[in-house]
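Reviewing the structure listed below.
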Amino acid sequence: MNKFKDNAATGTSFGILLALSFSHLANDTLQSVISAVYPLLKESLALSFAQIGLITLVYQISASVFQPVVGFYLDKRPNPWFLPVGMTFTMTGLTTLAFAHTVTLTVVAVFLVGIGSSILHPEASRLTSIASGGKRGMAQSLFQVGGNLGGSLGPLLVALIIAPYGQKHIALFSILSVICILVMIPICKWYKRKLKELKSGKNTMQPIKHLAISRPKLILSLIVLLILIFSKYVYMASLTNYYTFYLIEKFGVTVQQSQFYLFGFLFAIALGTLLGGPIGDKVGRKYVIWVSILGTAPFSLMMPYADLQWTCILSLVIGLILSSAFSAILVYAQELLPMKLGLISGLFFGLAFGIAGISAAIMGNIADEKGIEYIYHLVSFMPLLGIVTYFLPNVKRKV
């Protein structure tokens with residue numbers, strides 16, 4: 001059951017890809033509510049930065065540790081109905097968060113939301129590859145951009161709906177959860193048909209193209225990709241979790257204004273993601289990774305010294321460039337091990353979440369001791385790790 005192949009002969013299933021992208025959009029809109037409401041939770045529950053880091057750590061661990069487990073399990077035992085199950089976890093967690101009045105209940109709420117994410121990402125990413133028709137970079141970018149758009153919409157909706165009216169209005173997001181579950185039903189039915197085709201031997205899909213590479217180079221490539229994920233998500237953690245606090249503390253903007261700035265940054269991430277995959281299909285994924293990681297360094301190094309206007313401009317440029325990396329990295333890794341799409345997707349999504357969570361917790365403790373501005377001086381050097389892209393082999397695909 002783990003031998004789905006790219007349907008290069010019959011074409012790309014754009015309807016399924018769009019449905020998967022919308023599912024990702026809805027999921028990440030709901031997921032991004034957590035970091036977006038941190039300023040409100042900090043005030044209402046009198047939280048320290050260290051406690052915010054702990055909440056983020058619990059969320060990210062639940063959303064990361066289980067992802068490769070779910071991916072490995074579904075590679076072996078595919079189940080068409082896991083996507084709605086994941087969304088149900090997310091809906092339950094957000095409803096709990098809306099009425100959480102203690103740190104403990106808040107931690108339980110974000111844990112449930114993280115479980116929902118750990119189910120959706122590896123399974124939906126695997127289905128994206130199945131529906132790609134061979135255009136895997138384009139398909140993965142379309143899937144990723146849904147998530148990034150959702151991530152940018154979350155803070156905007158928080159600014160418009162939750163910030164003015166209070167924490168309990170988080171419960172309104174359950175409406176989006178129900179809509180998403182309805183959209184997932186046709187995906188589940190399509191996937192069920194594909195499983196029946198495999199069982200009956202009627203599957204006509206072409207073999208997956210994989211990278212012509214020796215085992216030592218395979219191991220080296222995976223290590224390099226993991227280092228790149230580390231550099232990207234340590235830096236991203238500083239922006240997605242503490243950018244609003246940075247703007248509030250350094251420039252004196254309001255909580256509501258900070259959400260609009262965060263929306264701009266996250267929207268730039270969505271745009272960069274949309275461009276990264278197709279460009280990788282045409283010019284090669286290694287070149288996209290080079291530009292995306294190392295190309296961010298000049299801007300990240302300048303940002304701690306910029307005024308409000310230039311901080312916002314630089315954050316937009318950073319979001320646009322840096323975001324194009326993940327689709328290229330993930331598809332590169334999937335092509336290294338094409339028969340373990342769920343495991344690889346879960347591992348890389350999980351690693352991204354885990355690194356972000358651990359980094360957020362460490363940054364929270366540092367911010368309490370040395371101030372939030374110190375964080376941005378510290379992490380500005382992380383994109384320089386993009387230099388390890390040099391060690392990725394220039395490879396060709398074979399059938």
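In the structure tokens, chains take the letters A, B, ... in the order shown, each chain's residues start at 1, and ligands count up from 1 in the order shown.
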
What's around A:Lys168 at 9 Å? Count only C-alpha atoms, leave out sequence neighbours fewer than 2 positions away in its own chain, and write the answer as a list in words.
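So, after excluding close chain neighbours, the residues are Thr95, Leu97, Ala98, Phe99, Ala100, Ile162, Tyr165, Gly166, Ile170, Ala171 and Leu172 of chain A.
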
Emit the selected residues as a compact mmCIF listing (two decimals), in the first residue's frame, including N, CA and C atoms.
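Below is the file result-v4.txt, written as the result:
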# COMPACT_ATOMS: atom_id res chain seq x y z
N THR A 95 -11.41 25.32 20.56
CA THR A 95 -12.56 25.57 21.41
C THR A 95 -12.15 25.58 22.88
N LEU A 97 -9.12 26.34 23.95
CA LEU A 97 -8.31 27.54 24.14
C LEU A 97 -9.17 28.78 24.35
N ALA A 98 -10.33 28.80 23.70
CA ALA A 98 -11.21 29.96 23.83
C ALA A 98 -11.66 30.18 25.27
N PHE A 99 -11.76 29.11 26.04
CA PHE A 99 -12.26 29.22 27.40
C PHE A 99 -11.21 28.85 28.46
N ALA A 100 -9.94 28.76 28.01
CA ALA A 100 -8.86 28.43 28.94
C ALA A 100 -8.59 29.61 29.87
N ILE A 162 -10.69 38.79 17.32
CA ILE A 162 -10.40 38.41 18.71
C ILE A 162 -9.84 39.57 19.53
N TYR A 165 -12.51 41.96 20.85
CA TYR A 165 -13.64 41.40 21.59
C TYR A 165 -13.28 40.37 22.65
N GLY A 166 -12.08 39.82 22.60
CA GLY A 166 -11.66 38.94 23.68
C GLY A 166 -11.43 37.50 23.28
N ILE A 170 -12.31 33.10 20.04
CA ILE A 170 -11.55 32.06 19.32
C ILE A 170 -12.48 30.93 18.91
N ALA A 171 -13.53 30.70 19.69
CA ALA A 171 -14.48 29.62 19.39
C ALA A 171 -15.15 29.78 18.04
N LEU A 172 -15.21 31.02 17.52
CA LEU A 172 -15.83 31.24 16.21
C LEU A 172 -15.08 30.53 15.09

Give me the residues near stretch 231-247 of chain A as a ChimeraX atom specification, where near means some atom within 6 Å (using only C-alpha atoms) and where sequence neighbours in that chain fewer than 3 positions away do not count.
/A:35,228,250-251,258,356,359-360,372,379,382-383

Counting only C-alpha atoms, which residue out of A:Ile61, A:Leu220, A:Ala270, A:Cys188 sits closest to A:Asp28?
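So, comparing all the options, the nearest one is A:Ala270.
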
Restricting the calculation to only C-alpha atoms, which member of A:Lys370, A:Leu218, A:Thr102, A:Tyr59 is positioned closest to A:Lys42?
A:Thr102

If we count only C-alpha atoms, what is near A:Leu40 at a cut-off of 9 Å, once residues fewer than 4 positions away on the same chain are taken out, given as an MDAnalysis selection string?
chainID A and resid 36 44:45 162:163 166:167 255

How would the residues just picked look written out with N, CA, C and O atoms as an mmCIF file, in the first residue's frame?
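Contents of out-v4.cif, as written:
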data_model
loop_
_atom_site.group_PDB
_atom_site.id
_atom_site.type_symbol
_atom_site.label_atom_id
_atom_site.label_comp_id
_atom_site.auth_asym_id
_atom_site.auth_seq_id
_atom_site.Cartn_x
_atom_site.Cartn_y
_atom_site.Cartn_z
ATOM 1 N N ALA A 36 -0.703 34.083 17.294
ATOM 2 C CA ALA A 36 -1.277 35.414 17.136
ATOM 3 C C ALA A 36 -1.949 35.926 18.411
ATOM 4 O O ALA A 36 -2.005 37.137 18.648
ATOM 5 N N SER A 44 -3.917 38.451 29.751
ATOM 6 C CA SER A 44 -5.035 37.911 30.542
ATOM 7 C C SER A 44 -4.587 36.892 31.579
ATOM 8 O O SER A 44 -5.173 36.784 32.655
ATOM 9 N N LEU A 45 -3.523 36.129 31.269
ATOM 10 C CA LEU A 45 -3.044 35.105 32.193
ATOM 11 C C LEU A 45 -1.756 35.513 32.909
ATOM 12 O O LEU A 45 -1.196 34.719 33.667
ATOM 13 N N ILE A 162 -10.691 38.792 17.320
ATOM 14 C CA ILE A 162 -10.398 38.414 18.705
ATOM 15 C C ILE A 162 -9.843 39.569 19.528
ATOM 16 O O ILE A 162 -10.284 39.806 20.651
ATOM 17 N N ALA A 163 -8.870 40.303 18.965
ATOM 18 C CA ALA A 163 -8.247 41.397 19.728
ATOM 19 C C ALA A 163 -9.259 42.419 20.246
ATOM 20 O O ALA A 163 -9.194 42.832 21.409
ATOM 21 N N GLY A 166 -12.079 39.821 22.600
ATOM 22 C CA GLY A 166 -11.656 38.943 23.678
ATOM 23 C C GLY A 166 -11.425 37.502 23.278
ATOM 24 O O GLY A 166 -11.788 37.040 22.186
ATOM 25 N N GLN A 167 -10.823 36.764 24.195
ATOM 26 C CA GLN A 167 -10.350 35.396 23.991
ATOM 27 C C GLN A 167 -11.456 34.419 23.605
ATOM 28 O O GLN A 167 -11.249 33.513 22.792
ATOM 29 N N VAL A 255 -0.970 46.407 19.916
ATOM 30 C CA VAL A 255 -1.151 44.976 19.642
ATOM 31 C C VAL A 255 -1.842 44.781 18.303
ATOM 32 O O VAL A 255 -1.442 43.933 17.489
#

Close residues, A:Tyr191 itself excluded, 9 Å, only C-alpha atoms, min 5 positions apart in chain, as a ChimeraX atom specification
/A:79-80,127,186,196

Write down as an NGL selection string the residues of stretch 16-155 of chain A whose backbone DSSP state falls under alpha helix (DSSP H).
:A and (16-36 or 38-44 or 49-62 or 66-76 or 82-98 or 103-130 or 136-155)
